[in-house]
Every structure is written in structure tokens, then in C-alpha cells.
file upload_9.cif (mmCIF, C-alpha atoms; chains and numbers go by the auth columns)
data_final
#
loop_
_atom_site.group_PDB
_atom_site.id
_atom_site.type_symbol
_atom_site.label_atom_id
_atom_site.label_comp_id
_atom_site.label_asym_id
_atom_site.label_seq_id
_atom_site.Cartn_x
_atom_site.Cartn_y
_atom_site.Cartn_z
_atom_site.B_iso_or_equiv
_atom_site.auth_seq_id
_atom_site.auth_asym_id
ATOM 1 C CA MET A 1 139.604 26.955 105.824 0.00 1 A
ATOM 2 C CA SER A 2 139.101 29.881 108.161 0.00 2 A
ATOM 3 C CA LYS A 3 140.195 33.389 107.221 0.00 3 A
ATOM 4 C CA ASN A 4 140.884 36.327 109.473 0.00 4 A
ATOM 5 C CA TYR A 5 138.954 39.138 107.778 0.00 5 A
ATOM 6 C CA PRO A 6 139.927 41.858 110.291 0.00 6 A
ATOM 7 C CA GLU A 7 143.571 41.029 109.550 0.00 7 A
ATOM 8 C CA ILE A 8 142.930 41.104 105.790 0.00 8 A
ATOM 9 C CA THR A 9 141.280 44.517 106.196 0.00 9 A
ATOM 10 C CA GLU A 10 144.209 45.830 108.254 0.00 10 A
ATOM 11 C CA ASP A 11 146.635 44.671 105.550 0.00 11 A
ATOM 12 C CA ILE A 12 144.635 46.443 102.843 0.00 12 A
ATOM 13 C CA VAL A 13 144.527 49.659 104.887 0.00 13 A
ATOM 14 C CA GLU A 14 148.303 49.506 105.327 0.00 14 A
ATOM 15 C CA TYR A 15 148.872 48.970 101.582 0.00 15 A
ATOM 16 C CA VAL A 16 146.595 51.906 100.753 0.00 16 A
ATOM 17 C CA LYS A 17 148.558 54.122 103.160 0.00 17 A
ATOM 18 C CA GLN A 18 151.764 53.138 101.368 0.00 18 A
ATOM 19 C CA LEU A 19 150.230 53.807 97.964 0.00 19 A
ATOM 20 C CA ARG A 20 148.945 57.190 99.146 0.00 20 A
ATOM 21 C CA GLY A 21 152.554 58.159 99.865 0.00 21 A
ATOM 22 C CA ILE A 22 153.886 56.821 96.558 0.00 22 A
ATOM 23 C CA ILE A 23 151.138 57.804 94.103 0.00 23 A
ATOM 24 C CA PRO A 24 148.855 60.336 95.819 0.00 24 A
ATOM 25 C CA ASP A 25 147.321 61.750 92.628 0.00 25 A
ATOM 26 C CA THR A 26 146.360 58.283 91.417 0.00 26 A
ATOM 27 C CA LEU A 27 144.682 57.466 94.731 0.00 27 A
ATOM 28 C CA LYS A 28 142.799 60.780 94.681 0.00 28 A
ATOM 29 C CA GLY A 29 141.564 59.953 91.201 0.00 29 A
ATOM 30 C CA PHE A 30 140.566 56.443 92.245 0.00 30 A
ATOM 31 C CA TYR A 31 138.578 57.686 95.238 0.00 31 A
ATOM 32 C CA SER A 32 136.952 60.384 93.137 0.00 32 A
ATOM 33 C CA MET A 33 135.876 57.784 90.562 0.00 33 A
ATOM 34 C CA SER A 34 134.695 55.413 93.279 0.00 34 A
ATOM 35 C CA GLY A 35 132.610 58.120 94.927 0.00 35 A
ATOM 36 C CA ALA A 36 131.026 59.169 91.650 0.00 36 A
ATOM 37 C CA ALA A 37 130.241 55.564 90.696 0.00 37 A
ATOM 38 C CA SER A 38 128.518 54.849 93.999 0.00 38 A
ATOM 39 C CA LYS A 39 126.098 57.788 93.852 0.00 39 A
ATOM 40 C CA ASP A 40 122.446 57.111 93.169 0.00 40 A
ATOM 41 C CA GLY A 41 121.600 57.032 89.484 0.00 41 A
ATOM 42 C CA VAL A 42 119.849 54.366 87.426 0.00 42 A
ATOM 43 C CA LEU A 43 120.641 52.048 90.351 0.00 43 A
ATOM 44 C CA ASP A 44 120.549 53.203 93.955 0.00 44 A
ATOM 45 C CA GLN A 45 123.649 52.992 96.152 0.00 45 A
ATOM 46 C CA LYS A 46 122.412 49.940 98.081 0.00 46 A
ATOM 47 C CA THR A 47 121.857 47.967 94.864 0.00 47 A
ATOM 48 C CA LYS A 48 125.322 48.904 93.619 0.00 48 A
ATOM 49 C CA GLU A 49 126.844 47.716 96.912 0.00 49 A
ATOM 50 C CA LEU A 50 125.007 44.397 96.643 0.00 50 A
ATOM 51 C CA VAL A 51 126.217 43.928 93.058 0.00 51 A
ATOM 52 C CA ALA A 52 129.787 44.700 94.165 0.00 52 A
ATOM 53 C CA LEU A 53 129.482 42.206 97.029 0.00 53 A
ATOM 54 C CA ALA A 54 128.171 39.525 94.663 0.00 54 A
ATOM 55 C CA ILE A 55 131.109 40.131 92.308 0.00 55 A
ATOM 56 C CA GLY A 56 133.522 39.914 95.264 0.00 56 A
ATOM 57 C CA VAL A 57 132.020 36.598 96.362 0.00 57 A
ATOM 58 C CA ALA A 58 131.953 35.188 92.822 0.00 58 A
ATOM 59 C CA THR A 59 135.610 36.087 92.256 0.00 59 A
ATOM 60 C CA ARG A 60 136.598 34.944 95.760 0.00 60 A
ATOM 61 C CA CYS A 61 138.141 38.328 96.513 0.00 61 A
ATOM 62 C CA ASP A 62 138.772 38.274 100.262 0.00 62 A
ATOM 63 C CA GLY A 63 139.526 41.991 100.363 0.00 63 A
ATOM 64 C CA CYS A 64 136.316 42.802 98.501 0.00 64 A
ATOM 65 C CA ILE A 65 134.104 40.965 100.969 0.00 65 A
#
call {"tool": "encode", "arguments": {"input": "upload_9.cif", "output": "C-alpha cells"}}
result
Amino acid sequence: MSKNYPEITEDIVEYVKQLRGIIPDTLKGFYSMSGAASKDGVLDQKTKELVALAIGVATRCDGCI
């Protein structure tokens, strides 16, 4: 089964735009948390991205990949 990842990405971007209009403070908080979590620490940013990708693949999350 073939999937159209650019289309999936476009859909996610559109949903985020809608959410930004409905719950802007929540989205600000989410992006703040996401940014803080991705900074270098015990693990570097690249390792964290690879772990996140592996989780996305394992859970079959099309939007995560």
C-alpha cells in the first residue's frame, strides 16, 4: 500500500493551523515543551530525533515519519 507523505504532511499543517486559532496558548506550550525536550542534554539532538523516528516507525504513525 502506497502512502502520499507530502499530502499527509499538508493535512497535519492544516490541522495545526486550525488548532493554533482555537487553542493558541496550548500550542505555544506544546512547542515550548518540544523545543526544550529536543535540546542537547544527556542525549544529543540527533540521537533524540533517531529515537523519535524509531518510535514513529514502531507505532506506524504516518505523521511522525
call {"tool": "axis_aligned_box", "arguments": {"input": "upload_9.cif", "around": "stretch 33-49 of chain A", "padding_each_side": "3 Å", "output": "AutoDock Vina command-line options"}}
result
--center_x 127.9 --center_y 53.4 --center_z 92.8 --size_x 22.0 --size_y 17.5 --size_z 16.7
call {"tool": "closest_residue", "arguments": {"input": "upload_9.cif", "among": "A:Gln18, A:Ser38, A:Ser2, A:Ser32", "to": "A:Leu50", "atoms": "only C-alpha atoms"}}
result
A:Ser38
call {"tool": "resolve_selection", "arguments": {"input": "upload_9.cif", "expression": "the PyMOL selection byres ((chain A and resi 57-64) around 10)", "output": "compact mmCIF listing (two decimals) with C-alpha atoms, keeping the file's coordinate frame"}}
result
# COMPACT_ATOMS: atom_id res chain seq x y z
CA LYS A 3 140.20 33.39 107.22
CA ASN A 4 140.88 36.33 109.47
CA TYR A 5 138.95 39.14 107.78
CA PRO A 6 139.93 41.86 110.29
CA ILE A 8 142.93 41.10 105.79
CA THR A 9 141.28 44.52 106.20
CA GLU A 10 144.21 45.83 108.25
CA ASP A 11 146.64 44.67 105.55
CA ILE A 12 144.64 46.44 102.84
CA VAL A 51 126.22 43.93 93.06
CA ALA A 52 129.79 44.70 94.16
CA LEU A 53 129.48 42.21 97.03
CA ALA A 54 128.17 39.52 94.66
CA ILE A 55 131.11 40.13 92.31
CA GLY A 56 133.52 39.91 95.26
CA ILE A 65 134.10 40.96 100.97
call {"tool": "atom_distance", "arguments": {"input": "upload_9.cif", "atom1": "atom CA of A:Leu19", "atom2": "atom CA of A:Ala37"}}
result
21.3 Å
call {"tool": "atom_distance", "arguments": {"input": "upload_9.cif", "atom1": "atom CA of A:Ser34", "atom2": "atom CA of A:Val16"}}
result
14.5 Å
call {"tool": "atom_distance", "arguments": {"input": "upload_9.cif", "atom1": "atom CA of A:Gly35", "atom2": "atom CA of A:Arg20"}}
result
16.9 Å
call {"tool": "build_atoms", "arguments": {"input": "upload_9.cif", "residues": "stretch 9-20 of chain A", "atoms": "N, CA and C atoms", "output": "PDB file, in the frame of the given file"}}
result
ATOM      1  N   THR A   9     141.641  43.102 106.304  1.00  0.00           N
ATOM      2  CA  THR A   9     141.280  44.517 106.196  1.00  0.00           C
ATOM      3  C   THR A   9     142.422  45.411 106.654  1.00  0.00           C
ATOM      4  N   GLU A  10     143.070  45.053 107.756  1.00  0.00           N
ATOM      5  CA  GLU A  10     144.209  45.830 108.254  1.00  0.00           C
ATOM      6  C   GLU A  10     145.336  45.866 107.230  1.00  0.00           C
ATOM      7  N   ASP A  11     145.592  44.729 106.576  1.00  0.00           N
ATOM      8  CA  ASP A  11     146.635  44.671 105.550  1.00  0.00           C
ATOM      9  C   ASP A  11     146.304  45.599 104.383  1.00  0.00           C
ATOM     10  N   ILE A  12     145.048  45.588 103.955  1.00  0.00           N
ATOM     11  CA  ILE A  12     144.635  46.443 102.843  1.00  0.00           C
ATOM     12  C   ILE A  12     144.797  47.907 103.218  1.00  0.00           C
ATOM     13  N   VAL A  13     144.392  48.274 104.429  1.00  0.00           N
ATOM     14  CA  VAL A  13     144.527  49.659 104.887  1.00  0.00           C
ATOM     15  C   VAL A  13     145.998  50.078 104.873  1.00  0.00           C
ATOM     16  N   GLU A  14     146.873  49.197 105.310  1.00  0.00           N
ATOM     17  CA  GLU A  14     148.303  49.506 105.327  1.00  0.00           C
ATOM     18  C   GLU A  14     148.836  49.689 103.903  1.00  0.00           C
ATOM     19  N   TYR A  15     148.426  48.833 102.974  1.00  0.00           N
ATOM     20  CA  TYR A  15     148.872  48.970 101.582  1.00  0.00           C
ATOM     21  C   TYR A  15     148.377  50.279 100.969  1.00  0.00           C
ATOM     22  N   VAL A  16     147.142  50.654 101.282  1.00  0.00           N
ATOM     23  CA  VAL A  16     146.595  51.906 100.753  1.00  0.00           C
ATOM     24  C   VAL A  16     147.374  53.096 101.303  1.00  0.00           C
ATOM     25  N   LYS A  17     147.746  53.045 102.577  1.00  0.00           N
ATOM     26  CA  LYS A  17     148.558  54.122 103.160  1.00  0.00           C
ATOM     27  C   LYS A  17     149.878  54.254 102.407  1.00  0.00           C
ATOM     28  N   GLN A  18     150.501  53.111 102.104  1.00  0.00           N
ATOM     29  CA  GLN A  18     151.764  53.138 101.368  1.00  0.00           C
ATOM     30  C   GLN A  18     151.569  53.722  99.971  1.00  0.00           C
ATOM     31  N   LEU A  19     150.503  53.297  99.304  1.00  0.00           N
ATOM     32  CA  LEU A  19     150.230  53.807  97.964  1.00  0.00           C
ATOM     33  C   LEU A  19     149.951  55.303  97.989  1.00  0.00           C
ATOM     34  N   ARG A  20     149.251  55.767  99.022  1.00  0.00           N
ATOM     35  CA  ARG A  20     148.945  57.190  99.146  1.00  0.00           C
ATOM     36  C   ARG A  20     150.231  58.013  99.194  1.00  0.00           C
TER      37      ARG A  20
END
